[in-house]
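Enquirer: Below you'll find work.cif; it's mmCIF, C-alpha atoms.
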data_structure
#
loop_
_atom_site.label_atom_id
_atom_site.label_comp_id
_atom_site.auth_asym_id
_atom_site.auth_seq_id
_atom_site.Cartn_x
_atom_site.Cartn_y
_atom_site.Cartn_z
CA MET A 43 0.00 0.00 0.00
CA ASN A 44 2.87 2.37 0.82
CA LEU A 45 4.38 1.75 -2.60
CA ILE A 46 1.13 2.73 -4.33
CA LEU A 47 0.76 5.84 -2.15
CA GLU A 48 4.36 6.78 -2.88
CA ALA A 49 3.76 6.31 -6.62
CA ILE A 50 0.67 8.55 -6.50
CA VAL A 51 2.40 11.31 -4.54
CA THR A 52 5.52 11.20 -6.72
CA GLY A 53 3.38 11.19 -9.86
CA LEU A 54 1.43 14.23 -8.73
CA LEU A 55 4.55 16.18 -7.81
CA THR A 56 6.37 15.29 -11.02
CA GLY A 57 3.19 15.92 -13.01
CA GLY A 58 3.24 19.51 -11.80
CA VAL A 59 6.63 20.02 -13.43
CA TYR A 60 5.41 18.49 -16.69
CA ALA A 61 2.39 20.78 -16.54
CA LEU A 62 4.80 23.71 -16.32
CA MET A 63 6.65 22.57 -19.44
CA ALA A 64 3.46 21.71 -21.34
CA SER A 65 1.70 24.98 -20.41
CA GLY A 66 4.09 27.00 -22.58
CA LEU A 67 3.50 24.65 -25.49
CA THR A 68 -0.29 24.76 -25.29
CA LEU A 69 -0.35 28.52 -24.62
CA VAL A 70 1.64 29.21 -27.77
CA PHE A 71 -0.66 26.97 -29.79
CA GLY A 72 -3.74 28.68 -28.41
CA VAL A 73 -2.56 32.19 -29.29
CA MET A 74 -0.50 31.63 -32.43
CA ASN A 75 -1.95 28.40 -33.84
CA ILE A 76 1.53 26.91 -34.17
CA ILE A 77 2.97 23.67 -32.81
CA ASN A 78 6.38 24.28 -31.29
CA VAL A 79 8.09 20.90 -31.61
CA GLY A 80 11.26 22.63 -30.46
CA GLN A 81 9.86 22.96 -26.93
CA GLY A 82 11.68 19.82 -25.79
CA ALA A 83 15.04 21.16 -27.01
CA LEU A 84 14.32 24.49 -25.30
CA VAL A 85 13.55 22.69 -22.03
CA ILE A 86 16.90 20.90 -22.26
CA LEU A 87 18.59 24.22 -23.11
CA GLY A 88 17.09 25.64 -19.91
CA ALA A 89 18.49 22.68 -17.98
CA TYR A 90 21.95 23.26 -19.45
CA LEU A 91 21.80 26.97 -18.61
CA SER A 92 21.13 26.04 -14.96
CA TYR A 93 23.97 23.51 -15.16
CA PHE A 94 26.36 26.15 -16.56
CA LEU A 95 25.49 28.67 -13.84
CA GLN A 96 25.88 26.04 -11.15
CA GLN A 97 29.17 24.61 -12.37
CA ASN A 98 30.91 27.85 -13.35
CA LEU A 99 29.38 30.53 -11.13
CA HIS A 100 28.18 28.32 -8.23
CA ILE A 101 24.69 29.81 -8.39
CA ASP A 102 21.89 27.86 -6.71
CA LEU A 103 19.47 26.24 -9.15
CA PHE A 104 16.43 28.21 -7.99
CA LEU A 105 18.30 31.51 -7.74
CA GLY A 106 19.65 30.85 -11.23
CA LEU A 107 16.08 31.08 -12.56
CA PHE A 108 16.27 34.86 -12.10
CA ILE A 109 18.93 34.72 -14.84
CA THR A 110 17.73 31.89 -17.05
CA LEU A 111 14.08 32.98 -17.29
CA PRO A 112 14.87 36.43 -18.75
CA ILE A 113 17.47 34.90 -21.10
CA MET A 114 15.00 32.34 -22.40
CA PHE A 115 12.24 34.96 -22.68
CA VAL A 116 14.46 37.10 -24.92
CA LEU A 117 15.43 34.00 -26.91
CA GLY A 118 11.74 33.29 -27.41
CA LEU A 119 11.19 36.82 -28.72
CA LEU A 120 14.05 36.38 -31.20
CA ILE A 121 12.79 33.00 -32.41
CA GLU A 122 9.31 34.41 -32.90
CA TRP A 123 10.62 37.48 -34.73
CA PHE A 124 12.99 35.72 -37.12
CA PHE A 125 11.40 32.31 -37.66
CA ILE A 126 7.70 32.30 -36.70
CA ARG A 127 6.41 35.72 -37.71
CA PRO A 128 7.41 35.37 -41.40
CA ILE A 129 5.03 32.38 -41.70
CA LYS A 130 1.83 33.81 -43.17
CA ARG A 131 0.11 30.73 -44.63
CA ASP A 132 -0.37 27.16 -43.35
CA ARG A 133 1.04 28.28 -39.99
CA THR A 134 0.32 25.05 -38.14
CA MET A 135 2.02 22.76 -40.66
CA LEU A 136 4.95 25.04 -41.49
CA SER A 137 5.57 25.83 -37.83
CA ILE A 138 6.33 22.14 -37.24
CA LEU A 139 9.12 22.24 -39.83
CA VAL A 140 10.47 25.60 -38.67
CA THR A 141 10.54 24.76 -34.96
CA TYR A 142 12.02 21.35 -35.71
CA GLY A 143 14.86 23.14 -37.51
CA VAL A 144 15.32 25.39 -34.47
CA ALA A 145 15.45 22.28 -32.26
CA LEU A 146 18.18 20.74 -34.44
CA VAL A 147 20.27 23.92 -34.21
CA ILE A 148 19.90 23.98 -30.42
CA GLU A 149 20.79 20.29 -30.15
CA GLY A 150 23.89 20.77 -32.29
CA PHE A 151 25.00 23.75 -30.22
CA LEU A 152 24.53 21.85 -26.94
CA ASN A 153 26.50 18.86 -28.24
CA LEU A 154 29.37 21.15 -29.18
CA ALA A 155 29.28 23.07 -25.91
CA PHE A 156 28.70 20.21 -23.45
CA SER A 157 29.38 16.96 -25.37
CA ALA A 158 26.91 14.08 -25.62
CA ASN A 159 27.57 12.75 -22.10
CA ASN A 160 24.74 12.65 -19.59
CA VAL A 161 24.78 15.26 -16.84
CA LYS A 162 22.56 15.91 -13.85
CA LEU A 163 22.09 18.99 -11.73
CA GLN A 164 23.38 18.83 -8.17
CA ALA A 165 22.19 20.46 -4.94
CA TRP A 166 21.60 19.46 -1.34
CA TYR A 167 17.82 19.27 -1.86
CA ILE A 168 18.27 16.76 -4.68
CA THR A 169 19.85 14.11 -2.45
CA ALA A 170 18.15 15.00 0.85
CA SER A 171 14.71 13.53 1.59
CA ILE A 172 11.71 14.20 3.79
CA GLN A 173 9.70 11.39 5.39
CA VAL A 174 6.07 11.29 4.28
CA GLY A 175 4.11 8.52 5.98
CA GLY A 176 6.04 5.32 5.42
CA PHE A 177 8.33 6.49 2.62
CA TYR A 178 10.97 9.12 1.88
CA LEU A 179 10.48 11.83 -0.73
CA PRO A 180 13.40 13.88 -2.12
CA TYR A 181 13.02 17.59 -1.37
CA ILE A 182 13.50 18.43 -5.05
CA TYR A 183 10.12 16.86 -5.90
CA VAL A 184 8.40 19.10 -3.37
CA PHE A 185 10.36 22.21 -4.37
CA GLY A 186 9.82 21.50 -8.07
CA PHE A 187 6.07 21.14 -7.52
CA LEU A 188 5.94 24.39 -5.52
CA LEU A 189 7.87 26.13 -8.30
CA ALA A 190 5.40 24.84 -10.88
CA LEU A 191 2.46 25.84 -8.68
CA GLY A 192 3.84 29.35 -8.23
CA LEU A 193 4.60 29.95 -11.89
CA LEU A 194 1.32 28.45 -13.11
CA GLY A 195 -0.51 30.59 -10.55
CA ALA A 196 1.32 33.66 -11.82
CA LEU A 197 0.41 32.68 -15.39
CA TYR A 198 -3.24 32.38 -14.38
CA LEU A 199 -3.20 35.85 -12.80
CA LEU A 200 -1.52 37.25 -15.90
CA LEU A 201 -4.14 35.76 -18.20
CA TYR A 202 -7.23 36.52 -16.12
CA ARG A 203 -6.37 39.61 -14.09
CA THR A 204 -4.45 41.88 -16.47
CA LYS A 205 -5.19 43.86 -19.61
CA PHE A 206 -2.50 41.88 -21.43
CA GLY A 207 -4.24 38.68 -20.37
CA TYR A 208 -7.48 39.87 -21.90
CA SER A 209 -5.60 40.51 -25.15
CA VAL A 210 -4.11 37.02 -25.03
CA ARG A 211 -7.49 35.37 -24.48
CA ALA A 212 -9.08 37.48 -27.20
CA SER A 213 -6.33 36.37 -29.60
CA MET A 214 -6.90 32.74 -28.62
CA GLU A 215 -10.61 33.05 -29.33
CA ASN A 216 -10.47 34.95 -32.63
CA ARG A 217 -7.35 36.67 -34.00
CA THR A 218 -9.22 38.73 -36.60
CA ALA A 219 -11.80 40.01 -34.13
CA ALA A 220 -9.03 40.82 -31.64
CA GLU A 221 -7.29 42.96 -34.26
CA LEU A 222 -10.56 44.75 -35.04
CA ILE A 223 -10.98 45.83 -31.42
CA GLY A 224 -7.45 47.21 -31.27
CA VAL A 225 -5.35 44.30 -29.99
CA ASN A 226 -1.81 44.26 -31.37
CA VAL A 227 -1.87 40.54 -32.15
CA GLU A 228 1.74 40.40 -33.36
CA ARG A 229 2.98 41.97 -30.12
CA VAL A 230 0.79 39.65 -28.04
CA SER A 231 2.07 36.64 -30.02
CA ALA A 232 5.71 37.60 -29.51
CA ILE A 233 5.32 38.09 -25.75
CA THR A 234 3.31 34.89 -25.45
CA PHE A 235 6.00 32.93 -27.27
CA GLY A 236 8.61 34.45 -24.96
CA ILE A 237 6.59 33.43 -21.91
CA GLY A 238 6.22 29.91 -23.27
CA ILE A 239 9.99 29.60 -23.69
CA ALA A 240 10.66 31.11 -20.25
CA LEU A 241 8.40 28.44 -18.72
CA ALA A 242 10.53 25.88 -20.56
CA ALA A 243 13.59 27.20 -18.71
CA ALA A 244 11.93 26.70 -15.31
CA GLY A 245 10.71 23.26 -16.30
CA GLY A 246 14.16 22.41 -17.62
CA MET A 247 15.78 23.18 -14.28
CA ALA A 248 13.31 20.96 -12.42
CA PHE A 249 13.63 18.24 -15.07
CA GLY A 250 17.43 18.33 -14.95
CA ALA A 251 17.42 18.07 -11.17
CA THR A 252 15.42 14.84 -11.26
CA ASN A 253 16.74 13.23 -14.46
CA ALA A 254 20.11 12.72 -16.12
CA PHE A 255 20.01 14.43 -19.50
CA ASN A 256 21.96 15.28 -22.65
CA ALA A 257 21.16 17.20 -25.82
CA GLY A 258 19.32 14.22 -27.28
CA SER A 259 16.93 13.97 -24.32
CA SER A 260 14.63 16.44 -26.06
CA TYR A 261 13.19 13.78 -28.39
CA ASP A 262 11.57 11.70 -25.66
CA LEU A 263 10.55 14.86 -23.83
CA ILE A 264 8.74 16.53 -26.73
CA SER A 265 6.82 13.33 -27.49
CA ARG A 266 5.55 13.29 -23.91
CA LEU A 267 4.68 16.99 -23.92
CA LEU A 268 2.77 16.67 -27.19
CA ALA A 269 0.89 13.68 -25.80
CA ILE A 270 -0.03 15.77 -22.75
CA ILE A 271 -1.47 18.72 -24.68
CA ILE A 272 -3.31 16.41 -27.09
CA PHE A 273 -4.78 14.47 -24.17
CA GLY A 274 -5.80 17.65 -22.34
CA GLY A 275 -6.97 19.50 -25.46
CA MET A 276 -4.88 21.71 -27.73
CA GLY A 277 -4.80 25.25 -26.36
CA SER A 278 -6.29 24.36 -22.95
CA LEU A 279 -4.08 25.23 -19.96
CA SER A 280 -6.35 23.46 -17.47
CA GLY A 281 -6.41 20.44 -19.79
CA ALA A 282 -2.60 20.38 -19.86
CA LEU A 283 -2.53 20.42 -16.05
CA ILE A 284 -5.02 17.55 -15.72
CA ALA A 285 -3.27 15.52 -18.44
CA SER A 286 0.18 16.04 -16.89
CA LEU A 287 -0.94 14.90 -13.46
CA SER A 288 -2.82 11.94 -14.95
CA MET A 289 0.08 10.85 -17.13
CA LEU A 290 2.68 10.79 -14.37
CA VAL A 291 0.39 9.15 -11.80
CA ILE A 292 -0.65 6.46 -14.31
CA GLU A 293 2.99 5.77 -15.21
CA ASP A 294 4.20 5.57 -11.60
CA VAL A 295 1.30 3.40 -10.42
CA THR A 296 1.71 1.11 -13.44
CA SER A 297 5.41 0.74 -12.63
CA VAL A 298 4.56 -0.41 -9.12
CA LEU A 299 1.58 -2.66 -9.90
CA TRP A 300 2.76 -4.10 -13.21
CA SER A 301 6.10 -3.24 -14.77
CA PRO A 302 8.15 -0.11 -15.59
CA VAL A 303 8.31 -1.38 -19.18
CA TRP A 304 4.55 -0.83 -19.55
CA ALA A 305 4.42 2.51 -17.70
CA SER A 306 4.33 4.81 -20.74
CA THR A 307 2.46 2.30 -22.89
CA VAL A 308 -0.57 2.25 -20.60
CA PHE A 309 -0.89 6.03 -20.80
CA PHE A 310 -0.66 6.08 -24.58
CA ILE A 311 -3.31 3.33 -24.80
CA LEU A 312 -5.54 5.51 -22.61
CA LEU A 313 -4.73 8.49 -24.85
CA VAL A 314 -5.93 6.60 -27.93
CA ILE A 315 -9.15 5.57 -26.17
CA ILE A 316 -9.85 9.15 -25.03
CA LEU A 317 -9.25 10.51 -28.53
CA LEU A 318 -11.62 7.95 -30.03
CA ILE A 319 -14.31 9.20 -27.66
CA ARG A 320 -13.32 12.90 -27.65
CA PRO A 321 -11.08 13.75 -30.63
CA GLN A 322 -10.61 17.28 -29.26
CA GLY A 323 -9.13 15.97 -25.99
CA LEU A 324 -10.48 16.32 -22.46
CA LEU A 325 -11.02 20.09 -22.44
CA GLY A 326 -10.35 21.01 -26.05
CA GLN A 327 -12.87 22.86 -28.19
CA VAL A 328 -14.92 20.90 -30.69
CA GLU A 329 -14.41 23.49 -33.41
CA GLY A 330 -11.11 24.99 -34.42
CA ARG A 331 -10.23 28.50 -33.29
CA LYS A 332 -11.36 31.25 -35.64
CA GLN A 333 -8.68 33.16 -37.49
#
Hey, can you dump this file as structure tokens for me?
Expert:
Amino acid sequence: MNLILEAIVTGLLTGGVYALMASGLTLVFGVMNIINVGQGALVILGAYLSYFLQQNLHIDLFLGLFITLPIMFVLGLLIEWFFIRPIKRDRTMLSILVTYGVALVIEGFLNLAFSANNVKLQAWYITASIQVGGFYLPYIYVFGFLLALGLLGALYLLLYRTKFGYSVRASMENRTAAELIGVNVERVSAITFGIGIALAAAGGMAFGATNAFNAGSSYDLISRLLAIIIFGGMGSLSGALIASLSMLVIEDVTSVLWSPVWASTVFFILLVIILLIRPQGLLGQVEGRKQ
């Protein structure tokens, strides 16, 4: 029983971090109607930035976010300006090719800068544990979940309590109508893309603290993130949160009750079943967003 409880708790805490990474991906799709398949590479880039600051400047992982988040936000603005904005037709399809190219460039740069060897972030709260009931839980899982909770809460306030948030939600609902009422959709899109990439930096730090990684780790990561936003519903932040928590809990419980080999497979089987019943995902809209 303790093993199952531990699997559920660990799955929920880890799911929060995945929700943080997936929220940027689904937010960008909702506003810009593009699929950023480079999100996985950007998450790994964020992890390497935290690794660089830790190894060379001895900056704590969480304090380093005050440096990595602005850097990744600016990088997101540049990617949007030079690679995404020029796409005027077939944005969804062409964005896959463009962002995949960006991911390849990032992967090549990381291989040159850090080699292909696995690395893992280090800190006292990664190895230290807290006793919860009959099992021990590493502090990093708790801290990573609190980080995700804080940033997702801040994102919610930004979207639902600010004028910029109203512009974002108007652009998600209908880009043309938003432009007609005075919303600068291109500016909103650029800032939204920057926010999505900044969230990848925070998720990358938490991911790198709980997993060994290299530049090639982005492939498995992006497949999982895409599965999450498809399961939850493309463009739905609440759907991404529910799907992330569900995915990690299902995987951890399956590992305990059955086998780690089947952990991911069970979730993807459930994903197929859900999509057969609800092709738009759990909280996705039935009709596509108006342009």
Enquirer: Smallest atom-to-atom distance to Ile272 (chain A): which of A:His100, A:Arg211, A:Lys162, A:Arg320, using only C-alpha atoms?
Expert: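 Closest candidate: A:Arg320.
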Enquirer: Set the distance at 10 Å and use all atoms listed in the file: which residues neighbour Ala49 (chain A) once local chain neighbours fewer than 6 positions away are removed? I'd like the list as a VMD selection string.
Expert: chain A and resid 43 55 290 to 299
Enquirer: What gap, in Å, lies between CA of Phe255 (chain A) and CA of Met63 (chain A)?
Expert: 15.6 Å
Enquirer: Which residue out of A:Leu193, A:Ile86, A:Val70, A:Met135 has the minimum interatomic distance to Phe151 (chain A) when only C-alpha atoms are used?
Expert: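 Smallest distance to Phe151 (chain A) is found for A:Ile86.
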Enquirer: When you look at Gly281 (chain A) with a cut-off of 6 Å (counting all atoms listed in the file), what residues show up, excluding the ones that are within fewer than 5 positions of it in the same chain? I need them as a PDB file with C-alpha atoms, in the frame of the given file.
Expert:
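File produced: result-v5.pdb:
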ATOM      1  CA  GLY A 274      -5.800  17.650 -22.340  1.00  0.00           C
ATOM      2  CA  GLY A 275      -6.970  19.500 -25.460  1.00  0.00           C
ATOM      3  CA  LEU A 325     -11.020  20.090 -22.440  1.00  0.00           C
TER       4      LEU A 325
END
Enquirer: Between A:Thr56, A:Thr204, A:Ser92, A:Asn253, which has the minimum distance to Phe187 (chain A) (counting all atoms listed in the file)?
Expert: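 Selected residue with least distance to Phe187 (chain A): A:Thr56.
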Enquirer: Using 10 Å as the limit and counting only C-alpha atoms, can you tabulate each residue of region 44-95 of chain A that touches region 108-112 of chain A, with its shortest atom-to-atom distance in Å and the two atoms involved, as a Markdown table?
Expert:
| residue | atom | partner | partner_atom | distance |
| --- | --- | --- | --- | --- |
| A:Leu87 | CA | A:Thr110 | CA | 9.8 |
| A:Gly88 | CA | A:Thr110 | CA | 6.9 |
| A:Ala89 | CA | A:Thr110 | CA | 9.3 |
| A:Tyr90 | CA | A:Thr110 | CA | 9.9 |
| A:Leu91 | CA | A:Thr110 | CA | 6.6 |
| A:Ser92 | CA | A:Thr110 | CA | 7.1 |
| A:Leu95 | CA | A:Ile109 | CA | 9.0 |
Enquirer: Find the residue from A:Ala170, A:Val227, A:Ala285, A:Tyr198 that sits nearest to Phe185 (chain A); use only C-alpha atoms when measuring.
Expert: A:Ala170
Enquirer: Name the residues that the PyMOL selection byres ((chain A and resi 48) around 9) picks from the file above, as a PDB file with C-alpha atoms, in the frame of the given file, using the file's chain letters and numbers.
Expert:
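Saved the output as result.pdb:
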ATOM      1  CA  MET A  43       0.000   0.000   0.000  1.00  0.00           C
ATOM      2  CA  ASN A  44       2.870   2.370   0.820  1.00  0.00           C
ATOM      3  CA  LEU A  45       4.380   1.750  -2.600  1.00  0.00           C
ATOM      4  CA  ILE A  46       1.130   2.730  -4.330  1.00  0.00           C
ATOM      5  CA  LEU A  47       0.760   5.840  -2.150  1.00  0.00           C
ATOM      6  CA  ALA A  49       3.760   6.310  -6.620  1.00  0.00           C
ATOM      7  CA  ILE A  50       0.670   8.550  -6.500  1.00  0.00           C
ATOM      8  CA  VAL A  51       2.400  11.310  -4.540  1.00  0.00           C
ATOM      9  CA  THR A  52       5.520  11.200  -6.720  1.00  0.00           C
ATOM     10  CA  GLY A  53       3.380  11.190  -9.860  1.00  0.00           C
ATOM     11  CA  VAL A 174       6.070  11.290   4.280  1.00  0.00           C
ATOM     12  CA  GLY A 176       6.040   5.320   5.420  1.00  0.00           C
ATOM     13  CA  PHE A 177       8.330   6.490   2.620  1.00  0.00           C
ATOM     14  CA  TYR A 178      10.970   9.120   1.880  1.00  0.00           C
ATOM     15  CA  LEU A 179      10.480  11.830  -0.730  1.00  0.00           C
ATOM     16  CA  ASP A 294       4.200   5.570 -11.600  1.00  0.00           C
ATOM     17  CA  VAL A 295       1.300   3.400 -10.420  1.00  0.00           C
TER      18      VAL A 295
END
Enquirer: Please determine the residues with any atom at most 8 Å from (-3.2, 40.9, -27.3) (coordinates as given in the file, with only C-alpha atoms counting) and report them as a list in words.
Expert: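 Looking at atoms near the point gives Phe206, Gly207, Tyr208, Ser209, Val210, Arg211, Ala212, Ser213, Ala220, Val225, Asn226, Val227, Glu228, Arg229, Val230 and Ser231 of chain A.
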Enquirer: So the first atom is CA of Met247 (chain A) and the second is CA of Gly57 (chain A); what is the distance between them in Å, to one decimal place?
Expert: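 Those two atoms sit 14.6 Å apart.
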Enquirer: Given the PyMOL selection byres ((chain A and resi 80) around 9) and the file above, list the residues it selects as a list in words.
Expert: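 Taken on the displayed file, the PyMOL selection byres ((chain A and resi 80) around 9) yields the residues Ile77, Asn78, Val79, Gln81, Gly82, Ala83, Leu84, Val85, Ile138, Val140, Thr141, Tyr142, Gly143, Val144, Ala145, Leu146, Ile148, Ser260 and Ile264 of chain A.
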Enquirer: Closest to Arg133 (chain A) among A:Ala158, A:Val147, A:Ile182, A:Ile76, using all atoms listed in the file?
Expert: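 Using all atoms listed in the file, the shortest distance to Arg133 (chain A) belongs to A:Ile76.
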Enquirer: Of the candidates A:Met114, A:Leu241, A:Ala248, A:Leu317, which shows the shortest atom-to-atom distance to Tyr93 (chain A), using only C-alpha atoms?
Expert: A:Ala248
Enquirer: Tell me, in Å to one decimal, how far CA of Asp102 (chain A) is from CA of Tyr183 (chain A).
Expert: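 Between these atoms lies a distance of 16.1 Å.
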Enquirer: So that all listed atoms of region 313-318 of chain A fit with 6 Å spare on each side, what axis-aligned box centre and edge lengths in Å, to one decimal, would you give as lines of an AutoDock Vina configuration file?
Expert:
center_x = -8.2
center_y = 8.0
center_z = -27.4
size_x = 18.9
size_y = 16.9
size_z = 17.2
Enquirer: Write out as an MDAnalysis selection string each polymer residue whose atoms come within 9 Å of Phe115 (chain A), counting only C-alpha atoms; drop sequence neighbours fewer than 4 positions from it.
Expert: chainID A and resid 110:111 119:120 233 235:241 243
